[in-house]
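Heads up, protein.txt below (compact mmCIF, C-alpha atoms and all ligand atoms):
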```txt
# COMPACT_ATOMS: atom_id res chain seq x y z
CA MET A 1 -2.26 30.88 12.58
CA ASN A 2 -3.84 32.18 9.36
CA SER A 3 -1.42 33.03 6.55
CA VAL A 4 -1.12 34.77 3.19
CA ILE A 5 1.44 33.42 0.72
CA PHE A 6 2.93 35.39 -2.17
CA VAL A 7 4.78 33.36 -4.81
CA ASP A 8 5.75 33.82 -8.47
CA LYS A 9 3.96 30.68 -9.63
CA ILE A 10 1.40 28.16 -8.40
CA ILE A 11 1.22 24.67 -9.91
CA ASP A 12 -2.24 23.13 -9.74
CA PRO A 13 -1.78 19.52 -10.87
CA LYS A 14 -5.52 18.86 -11.08
CA ASN A 15 -6.09 21.49 -13.75
CA GLU A 16 -2.60 21.01 -15.18
CA SER A 17 -2.10 24.75 -14.89
CA VAL A 18 0.63 27.12 -13.78
CA ILE A 19 -0.91 30.24 -12.28
CA LYS A 20 1.16 33.43 -12.09
CA ASN A 21 0.93 36.52 -9.87
CA HIS A 22 -1.64 35.25 -7.39
CA PHE A 23 -1.71 35.13 -3.60
CA VAL A 24 -3.03 32.26 -1.48
CA VAL A 25 -4.89 32.68 1.81
CA ILE A 26 -4.86 29.92 4.44
CA GLU A 27 -7.30 29.93 7.34
CA LYS A 28 -6.96 27.18 9.93
CA ASP A 29 -6.17 24.03 7.91
CA GLU A 30 -7.70 25.13 4.62
CA ILE A 31 -6.95 27.08 1.45
CA VAL A 32 -9.73 29.68 1.44
CA LYS A 33 -8.69 32.03 -1.36
CA ILE A 34 -6.53 32.18 -4.47
CA SER A 35 -6.69 35.62 -6.08
CA PRO A 36 -4.76 37.86 -8.47
CA ASN A 37 -2.18 40.07 -6.73
CA GLU A 38 -3.92 43.28 -7.88
CA SER A 39 -7.00 42.37 -5.79
CA TYR A 40 -4.94 42.11 -2.58
CA ASN A 41 -6.05 44.39 0.26
CA ASP A 42 -3.63 44.38 3.17
CA ALA A 43 -6.16 45.82 5.65
CA GLN A 44 -8.25 42.67 5.21
CA TYR A 45 -5.34 40.45 6.32
CA SER A 46 -3.66 42.62 8.95
CA SER A 47 -3.53 39.82 11.54
CA TYR A 48 -2.36 37.12 9.08
CA LYS A 49 1.22 35.88 8.81
CA LYS A 50 2.69 37.00 5.44
CA ILE A 51 4.97 34.61 3.58
CA LYS A 52 6.78 36.48 0.81
CA THR A 53 9.04 34.52 -1.50
CA SER A 54 11.08 35.20 -4.62
CA ASN A 55 11.85 32.96 -7.61
CA SER A 56 9.62 30.32 -6.03
CA THR A 57 6.73 28.00 -6.93
CA LEU A 58 3.92 26.72 -4.72
CA LEU A 59 2.49 23.23 -5.22
CA PRO A 60 0.65 20.57 -3.21
CA GLY A 61 2.61 18.64 -0.59
CA PHE A 62 4.18 15.41 -1.87
CA ILE A 63 2.44 12.07 -1.36
CA GLU A 64 4.86 9.20 -0.68
CA MET A 65 2.89 6.06 -1.43
CA HIS A 66 5.27 3.39 -0.19
CA SER A 67 7.35 3.60 2.96
CA HIS A 68 8.66 1.14 5.53
CA ILE A 69 9.39 3.62 8.28
CA HIS A 70 11.02 1.09 10.61
CA VAL A 71 13.60 -0.11 8.04
CA SER A 72 17.06 1.47 8.13
CA SER A 73 17.70 2.18 4.38
CA GLN A 74 21.32 1.17 5.05
CA GLU A 75 23.30 -1.64 3.39
CA ASN A 76 22.40 -4.08 6.18
CA ALA A 77 18.70 -3.07 6.30
CA TYR A 78 17.54 -6.70 6.11
CA TYR A 79 19.56 -7.79 9.16
CA ASP A 80 18.62 -4.61 11.04
CA SER A 81 14.95 -5.39 10.48
CA ILE A 82 15.44 -8.89 11.91
CA ASN A 83 17.66 -7.99 14.87
CA ASP A 84 16.33 -4.61 16.03
CA SER A 85 14.11 -4.53 19.11
CA ASP A 86 10.67 -2.97 18.73
CA GLU A 87 11.97 0.04 20.70
CA THR A 88 14.75 0.57 18.13
CA LEU A 89 12.25 0.15 15.28
CA ILE A 90 10.07 2.86 16.81
CA ILE A 91 13.06 5.19 17.17
CA ARG A 92 14.01 4.57 13.53
CA GLY A 93 10.40 5.22 12.50
CA THR A 94 10.28 8.45 14.50
CA LYS A 95 13.39 9.76 12.69
CA ALA A 96 12.02 8.56 9.31
CA VAL A 97 8.70 10.41 9.53
CA GLY A 98 10.48 13.66 10.50
CA ASP A 99 12.92 13.33 7.56
CA ALA A 100 10.00 12.74 5.18
CA LEU A 101 7.95 15.70 6.40
CA PHE A 102 10.84 18.18 6.26
CA SER A 103 11.57 17.12 2.66
CA GLY A 104 8.02 18.08 1.64
CA VAL A 105 6.10 14.80 2.10
CA THR A 106 2.83 15.77 3.79
CA THR A 107 1.04 12.41 3.32
CA MET A 108 2.75 9.03 3.51
CA ARG A 109 1.31 5.55 3.08
CA ASP A 110 3.30 2.96 4.98
CA LEU A 111 3.17 -0.39 3.21
CA GLY A 112 4.42 -2.73 5.85
CA SER A 113 5.88 -2.33 9.30
CA LYS A 114 7.20 -5.01 11.62
CA ASN A 115 5.00 -5.86 14.59
CA ASN A 116 2.63 -3.01 13.72
CA VAL A 117 5.03 -0.31 15.04
CA ILE A 118 3.38 2.09 12.58
CA PHE A 119 0.33 2.56 14.82
CA PRO A 120 1.98 4.19 17.89
CA ILE A 121 3.99 6.41 15.53
CA LYS A 122 0.83 7.51 13.71
CA LYS A 123 -0.74 8.27 17.07
CA ALA A 124 2.31 10.31 18.12
CA ILE A 125 2.10 12.40 14.91
CA ASP A 126 -1.66 12.91 15.16
CA SER A 127 -1.25 13.94 18.81
CA HIS A 128 1.49 16.46 17.84
CA ILE A 129 4.11 14.67 19.94
CA ILE A 130 6.48 14.22 16.98
CA PRO A 131 6.62 15.86 13.52
CA GLY A 132 5.61 13.71 10.56
CA PRO A 133 3.32 13.51 7.51
CA ASN A 134 -0.27 12.34 7.70
CA LEU A 135 0.32 8.61 7.86
CA VAL A 136 -1.88 6.13 6.02
CA PRO A 137 -0.95 2.82 7.65
CA SER A 138 -1.28 -0.75 6.44
CA GLY A 139 0.25 -2.40 9.50
CA SER A 140 2.25 -5.58 9.01
CA PRO A 141 2.21 -7.05 5.50
CA ILE A 142 0.42 -10.36 4.98
CA THR A 143 2.80 -13.01 3.64
CA THR A 144 3.30 -16.77 3.62
CA THR A 145 5.34 -18.71 6.17
CA GLY A 146 8.96 -17.96 5.25
CA GLY A 147 7.72 -15.69 2.44
CA HIS A 148 8.93 -12.23 1.43
CA CYS A 149 8.95 -9.90 4.47
CA ASN A 150 8.04 -12.78 6.82
CA MET A 151 10.24 -11.11 9.47
CA PHE A 152 7.72 -8.25 9.60
CA GLY A 153 5.42 -10.57 11.49
CA MET A 154 2.20 -11.53 9.67
CA GLU A 155 2.56 -15.03 8.23
CA SER A 156 -0.75 -16.35 6.89
CA ASP A 157 -0.94 -19.34 4.57
CA THR A 158 -4.53 -20.53 4.15
CA ILE A 159 -7.51 -18.45 2.99
CA GLU A 160 -8.89 -18.59 6.56
CA GLU A 161 -5.61 -17.28 8.01
CA VAL A 162 -5.44 -14.46 5.45
CA VAL A 163 -9.02 -13.42 6.25
CA GLN A 164 -8.25 -13.55 9.98
CA SER A 165 -5.17 -11.34 9.49
CA ILE A 166 -7.21 -8.77 7.53
CA LYS A 167 -9.74 -8.58 10.37
CA TYR A 168 -6.95 -8.25 12.93
CA LEU A 169 -5.23 -5.46 10.97
CA ALA A 170 -8.53 -3.59 10.49
CA ASN A 171 -9.01 -3.73 14.24
CA CYS A 172 -5.50 -2.30 14.77
CA GLY A 173 -6.34 0.74 12.59
CA ALA A 174 -4.99 -0.28 9.17
CA GLN A 175 -6.38 1.76 6.28
CA TRP A 176 -4.83 -0.44 3.59
CA ILE A 177 -4.03 -4.14 3.44
CA LYS A 178 -0.65 -5.05 1.96
CA ILE A 179 -0.36 -8.57 0.58
CA ILE A 180 2.92 -10.02 -0.60
CA ALA A 181 1.67 -11.78 -3.73
CA THR A 182 5.08 -12.91 -5.07
CA GLY A 183 8.63 -13.40 -3.82
CA GLY A 184 10.86 -10.35 -3.36
CA ASN A 185 14.45 -9.17 -3.52
CA PHE A 186 14.76 -7.98 0.08
CA THR A 187 14.18 -11.40 1.63
CA PRO A 188 16.69 -14.08 0.64
CA SER A 189 15.28 -17.54 -0.15
CA THR A 190 12.05 -16.21 -1.67
CA ASN A 191 11.45 -16.53 -5.40
CA ILE A 192 10.82 -13.34 -7.42
CA HIS A 193 9.68 -15.47 -10.38
CA GLU A 194 6.80 -17.15 -8.56
CA PRO A 195 3.55 -16.20 -6.78
CA GLN A 196 3.05 -16.82 -3.06
CA TYR A 197 -0.75 -16.96 -3.16
CA SER A 198 -3.37 -18.35 -5.54
CA GLN A 199 -5.72 -16.01 -7.42
CA GLU A 200 -8.58 -17.36 -5.30
CA THR A 201 -6.84 -16.32 -2.08
CA ILE A 202 -6.23 -12.79 -3.41
CA GLU A 203 -9.86 -12.56 -4.62
CA ILE A 204 -11.25 -13.46 -1.22
CA ALA A 205 -8.78 -11.13 0.50
CA VAL A 206 -9.93 -8.22 -1.70
CA GLU A 207 -13.58 -9.05 -0.98
CA GLU A 208 -12.99 -9.22 2.80
CA ALA A 209 -10.90 -6.04 2.89
CA HIS A 210 -13.45 -4.09 0.83
CA LYS A 211 -16.24 -5.25 3.16
CA LEU A 212 -14.28 -3.61 5.99
CA GLY A 213 -13.73 -0.42 3.97
CA LEU A 214 -10.05 -1.13 3.36
CA LYS A 215 -8.17 -1.09 0.06
CA VAL A 216 -5.65 -3.69 -1.06
CA ALA A 217 -2.12 -3.17 -2.37
CA THR A 218 -0.20 -6.21 -3.56
CA HIS A 219 3.54 -6.64 -3.95
CA CYS A 220 4.04 -8.27 -7.39
CA HIS A 221 7.31 -8.89 -9.19
CA ALA A 222 6.42 -12.02 -11.15
CA THR A 223 4.09 -11.71 -14.15
CA LYS A 224 2.13 -14.72 -12.83
CA GLY A 225 1.37 -12.73 -9.66
CA ILE A 226 0.47 -9.59 -11.65
CA ILE A 227 -2.08 -11.62 -13.64
CA ALA A 228 -3.62 -13.13 -10.48
CA CYS A 229 -3.86 -9.73 -8.75
CA THR A 230 -5.29 -8.00 -11.83
CA ASN A 231 -7.97 -10.68 -12.18
CA ALA A 232 -8.67 -10.36 -8.44
CA HIS A 233 -9.28 -6.59 -8.90
CA VAL A 234 -6.82 -5.34 -6.30
CA ASP A 235 -6.73 -1.56 -5.85
CA ASN A 236 -3.02 -1.03 -6.31
CA LEU A 237 -0.27 -3.16 -7.87
CA ILE A 238 3.11 -2.58 -6.25
CA HIS A 239 6.37 -2.85 -8.27
CA CYS A 240 4.58 -4.53 -11.21
CA SER A 241 7.95 -5.71 -12.54
CA TRP A 242 6.77 -8.26 -15.16
CA ILE A 243 9.42 -10.82 -14.22
CA GLY A 244 9.13 -14.00 -16.31
CA PRO A 245 9.54 -17.64 -15.24
CA GLU A 246 12.87 -18.81 -13.89
CA ASN A 247 15.38 -19.97 -16.55
CA SER A 248 13.47 -18.40 -19.45
CA ASP A 249 15.60 -16.56 -22.03
CA ASP A 250 14.14 -13.15 -21.24
CA PHE A 251 14.13 -11.86 -17.70
CA TYR A 252 11.03 -9.76 -18.40
CA ASP A 253 7.66 -11.11 -19.52
CA TYR A 254 5.58 -8.01 -20.30
CA GLN A 255 2.04 -8.93 -21.35
CA PRO A 256 0.29 -6.06 -23.16
CA GLU A 257 -3.20 -7.59 -22.88
CA ILE A 258 -2.87 -7.75 -19.07
CA ALA A 259 -1.51 -4.19 -19.08
CA ASN A 260 -4.62 -3.15 -21.02
CA GLN A 261 -6.78 -4.85 -18.40
CA ILE A 262 -4.93 -2.89 -15.66
CA ALA A 263 -5.58 0.36 -17.56
CA ASN A 264 -9.24 -0.42 -18.29
CA ASP A 265 -9.98 -1.51 -14.73
CA GLY A 266 -8.33 1.65 -13.33
CA ILE A 267 -5.93 -0.30 -11.12
CA PHE A 268 -3.22 2.05 -9.86
CA VAL A 269 0.42 0.99 -10.23
CA ASP A 270 3.25 1.97 -7.90
CA PRO A 271 6.37 1.19 -9.99
CA THR A 272 8.91 2.09 -7.24
CA LEU A 273 11.12 3.16 -10.13
CA ALA A 274 13.58 5.36 -8.23
CA LEU A 275 15.16 2.44 -6.37
CA SER A 276 17.70 1.37 -8.99
CA TYR A 277 18.50 5.00 -9.83
CA LEU A 278 19.30 5.75 -6.18
CA SER A 279 21.41 2.60 -5.83
CA GLN A 280 23.45 3.65 -8.86
CA LEU A 281 23.70 7.20 -7.60
CA ARG A 282 25.08 5.87 -4.32
CA GLY A 283 27.75 3.73 -5.93
CA LYS A 284 26.13 0.31 -6.16
CA THR A 285 26.59 -1.86 -9.24
CA LEU A 286 23.21 -3.00 -10.55
CA LYS A 287 22.47 -6.66 -11.36
CA ARG A 288 20.95 -5.66 -14.70
CA ASP A 289 20.59 -2.61 -16.90
CA PRO A 290 17.33 -0.85 -15.86
CA SER A 291 16.66 0.62 -19.33
CA LYS A 292 14.38 -2.28 -20.39
CA ARG A 293 12.27 -1.73 -17.28
CA TYR A 294 11.93 2.00 -18.02
CA GLU A 295 10.87 1.08 -21.55
CA ILE A 296 8.11 -1.22 -20.23
CA LEU A 297 6.96 1.44 -17.77
CA ARG A 298 6.72 3.96 -20.62
CA GLN A 299 4.55 1.53 -22.60
CA MET A 300 2.29 1.13 -19.58
CA TRP A 301 2.08 4.91 -19.20
CA ASP A 302 1.23 5.34 -22.88
CA ILE A 303 -1.82 3.06 -22.66
CA GLY A 304 -3.17 5.11 -19.74
CA ILE A 305 -2.17 3.16 -16.63
CA LYS A 306 -2.29 5.46 -13.61
CA PHE A 307 1.02 5.56 -11.76
CA VAL A 308 1.46 6.63 -8.15
CA SER A 309 4.57 7.90 -6.40
CA GLY A 310 5.98 5.20 -4.13
CA MET A 311 9.63 5.13 -3.12
CA ASP A 312 9.85 1.92 -1.05
CA SER A 313 11.71 4.13 1.42
CA GLY A 314 13.59 2.25 4.10
CA MET A 315 14.92 -0.25 1.56
CA VAL A 316 18.67 -0.08 0.85
CA ASN A 317 19.62 3.39 -0.44
CA ALA A 318 16.04 4.72 -0.41
CA HIS A 319 16.18 7.39 2.26
CA PHE A 320 13.13 9.07 3.74
CA ASP A 321 14.05 12.52 2.38
CA ASP A 322 14.55 11.21 -1.18
CA PHE A 323 11.02 11.79 -2.48
CA ALA A 324 11.97 14.29 -5.21
CA TYR A 325 13.92 11.57 -7.02
CA ILE A 326 10.66 9.79 -7.95
CA PRO A 327 9.33 12.52 -10.29
CA GLU A 328 12.91 13.21 -11.40
CA VAL A 329 13.38 9.60 -12.60
CA MET A 330 9.96 9.65 -14.30
CA VAL A 331 11.02 12.65 -16.34
CA LYS A 332 14.62 11.60 -17.01
CA LYS A 333 14.13 7.88 -17.61
CA MET A 334 10.51 7.44 -18.72
CA GLY A 335 10.49 10.69 -20.68
CA ILE A 336 7.18 12.04 -19.37
CA SER A 337 6.63 15.79 -18.86
CA CYS A 338 7.49 17.59 -15.62
CA LEU A 339 3.83 18.47 -15.08
CA ASP A 340 2.80 14.82 -15.54
CA ALA A 341 5.42 13.67 -13.01
CA ILE A 342 4.11 16.29 -10.55
CA LYS A 343 0.53 15.03 -11.14
CA VAL A 344 1.64 11.48 -10.29
CA SER A 345 3.29 12.77 -7.10
CA THR A 346 0.22 14.67 -5.94
CA ILE A 347 -3.31 14.39 -7.36
CA THR A 348 -3.09 10.89 -8.88
CA SER A 349 -1.67 9.46 -5.68
CA ALA A 350 -4.37 11.30 -3.71
CA GLU A 351 -6.96 9.68 -6.00
CA CYS A 352 -5.52 6.22 -5.29
CA LEU A 353 -5.82 6.91 -1.55
CA GLY A 354 -9.40 8.15 -2.00
CA LEU A 355 -8.30 11.52 -0.58
CA ASP A 356 -8.42 13.65 -3.76
CA ASP A 357 -11.33 15.70 -2.41
CA LYS A 358 -8.97 16.99 0.30
CA ILE A 359 -5.35 16.84 -0.91
CA GLY A 360 -3.21 16.73 -4.05
CA SER A 361 -4.45 19.92 -5.72
CA ILE A 362 -4.54 23.64 -5.08
CA SER A 363 -7.98 25.14 -4.92
CA GLU A 364 -10.26 26.85 -2.45
CA GLY A 365 -11.66 24.44 0.15
CA LYS A 366 -8.72 22.01 -0.08
CA LYS A 367 -6.53 21.14 2.87
CA ALA A 368 -3.49 23.42 3.13
CA ASP A 369 -0.81 20.77 2.61
CA LEU A 370 1.62 22.82 0.57
CA VAL A 371 5.28 23.10 -0.38
CA ILE A 372 7.17 26.04 -1.82
CA VAL A 373 10.30 25.32 -3.87
CA LYS A 374 13.00 27.56 -5.28
CA GLY A 375 12.73 27.71 -9.09
CA ASP A 376 10.03 26.22 -11.31
CA PRO A 377 9.67 22.41 -11.32
CA SER A 378 7.15 22.58 -14.20
CA LYS A 379 10.24 23.39 -16.31
CA THR A 380 13.11 21.86 -14.31
CA ILE A 381 12.01 18.80 -12.34
CA GLU A 382 15.14 18.81 -10.13
CA ASP A 383 13.78 21.99 -8.51
CA LEU A 384 11.54 19.69 -6.42
CA HIS A 385 14.66 19.02 -4.33
CA ASN A 386 14.70 22.70 -3.29
CA VAL A 387 11.77 22.68 -0.85
CA HIS A 388 12.25 25.67 1.45
CA THR A 389 8.78 26.17 2.98
CA ILE A 390 6.15 23.58 4.01
CA PHE A 391 2.62 23.74 5.37
CA LYS A 392 0.89 20.67 6.78
CA SER A 393 -2.83 21.08 7.50
CA GLY A 394 -2.33 24.87 7.45
CA LYS A 395 0.47 24.73 9.99
CA LEU A 396 3.87 26.10 9.02
CA VAL A 397 6.40 23.31 9.56
CA LYS A 398 9.32 24.82 7.62
CA LEU A 399 9.96 28.43 6.59
CA ASN A 400 12.89 29.45 4.37
CA ASN A 401 14.70 26.20 5.21
CA GLU A 402 14.21 26.64 8.94
CA LYS A 403 12.21 24.03 10.88
CA MET A 404 9.25 25.65 12.69
CA ILE A 405 8.14 22.66 14.78
ZN ZN B 1 8.03 -2.22 -0.02
```

How does this structure look as structure tokens?
Amino acid sequence: MNSVIFVDKIIDPKNESVIKNHFVVIEKDEIVKISPNESYNDAQYSSYKKIKTSNSTLLPGFIEMHSHIHVSSQENAYYDSINDSDETLIIRGTKAVGDALFSGVTTMRDLGSKNNVIFPIKKAIDSHIIPGPNLVPSGSPITTTGGHCNMFGMESDTIEEVVQSIKYLANCGAQWIKIIATGGNFTPSTNIHEPQYSQETIEIAVEEAHKLGLKVATHCHATKGIIACTNAHVDNLIHCSWIGPENSDDFYDYQPEIANQIANDGIFVDPTLALSYLSQLRGKTLKRDPSKRYEILRQMWDIGIKFVSGMDSGMVNAHFDDFAYIPEVMVKKMGISCLDAIKVSTITSAECLGLDDKIGSISEGKKADLVIVKGDPSKTIEDLHNVHTIFKSGKLVKLNNEKMI
């Protein structure tokens, strides 16, 4: 159904502007008009659904750049992901995509599912069988035998095996390739200080993926892995934690010249920075004070590195309706402006996905993926938690806090 929306304010992240006293017209799945209220003529829109709000702000739907929809987000998430049957994983994933959509996430990139369970769930969303965001799937992550996330099912050690896995995933419908370039925290017995693959392997993987029209995101905690992936020109560095060698005096090994290379090459970074904040919020004691990490992230931001908004949802304490904490932590802990944090969560993430011609901004001709929140998040970032109305592809999925599908 076509709609007309009346709100106090519209945030357009692309033009970094807050527009007041305008109405927005949606026809089918598109924004077709944004005009000043005084030009409104009701006779022209007699058959359209009218959405009238008060003390509210309209902005693009959120883009969650890093989910694992089949993982439980509970304390025993690791064991769940090993022991659950594929049927249970699919049921978990079905619940996860609904939770994400109704919190305002209209596009979600999944960065690693076990046994490719992402693909039937994507099909179910696209066929309108279940509610969920537009999913951008990567399928199972590529890792080494016994490496980080090996239980997700895509162990590939040699260059030939990695290339074979990329071809297999492309054939399954993957739009991104996720490579686990270093050890990780989620999988015991892997080493967060060391790479899992050589630079040559990552280089060839990027070349092969690009040939097939796929982009590459690499999980990197260790600085050695960040250097290899930067030199290999991956499209997106994940975590980018700058963890130094084992037993060195400093845990972190931030290298400004590599950071400059990341900025100059336009490699996007998904810092997954809300994870420690959420763990603390939910009563967990952290292994180390996160303030040094926030400081490094701020330095990266200041030299122009483009951040995207990934949660790592599914991991312990990162729930699928938690998206608004990402921009909140960017403002509170990195000290960037509310408007900048909203840009990261919308247009910059859309740019990383190569979808910025369709989503992530508010202008005529763009897809009507929209959220309306109570308050004004350009001034108070926490207002992003107050999503009361959501459109996905022009379809009303939530109206005044009531689910419509
Ligand atoms: Zn992850």

Within 7 Å of ligand ZN 1 (chain B), counting all atoms listed in the file: which residues, as a VMD selection string?
-> chain A and resid 66 to 68 111 to 112 312

Counting only C-alpha atoms, figure out which residue out of A:Lys374, A:His319, A:His22, A:His128 gets nearest to Leu275 in chain A.
->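 Distance minimum relative to Leu275 in chain A lands on A:His319.
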
Which one is closest to Ile326 in chain A: A:Asp376, A:Asp356, A:Glu64, A:Glu364? Count all atoms listed in the file.
->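 Result for the nearest residue to Ile326 in chain A: A:Glu64.
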
Write out as a list in words which residues come within 7 Å of range 358-363 of chain A when counting only C-alpha atoms, dropping same-chain ones fewer than 3 positions away.
-> Asp12, Pro13, Lys14, Ile31, Pro60, Thr346, Ile347, Ala350, Leu355, Lys366, Lys367 and Asp369 of chain A

Which of these, A:Gln164, A:Ile192, A:Ala100, A:Phe6, has the shortest distance to Met65 in chain A once you count all atoms listed in the file?
->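 Counting all atoms listed in the file, the residue closest to Met65 in chain A is A:Ala100.
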
Return as CSV the residues of range 245-286 of chain A lying at most 8 Å from range 298-306 of chain A, together with the closest atom-to-atom pair for each and the distance in Å to one decimal, counting only C-alpha atoms, with rows in chain order and ascending residue number.
```
residue,atom,partner,partner_atom,distance
A:Ala259,CA,A:Met300,CA,6.6
A:Asn260,CA,A:Ile303,CA,7.0
A:Ile262,CA,A:Ile305,CA,6.7
A:Ala263,CA,A:Ile305,CA,4.5
A:Gly266,CA,A:Lys306,CA,7.1
A:Ile267,CA,A:Lys306,CA,7.3
A:Phe268,CA,A:Lys306,CA,5.2
A:Val269,CA,A:Lys306,CA,6.2
```
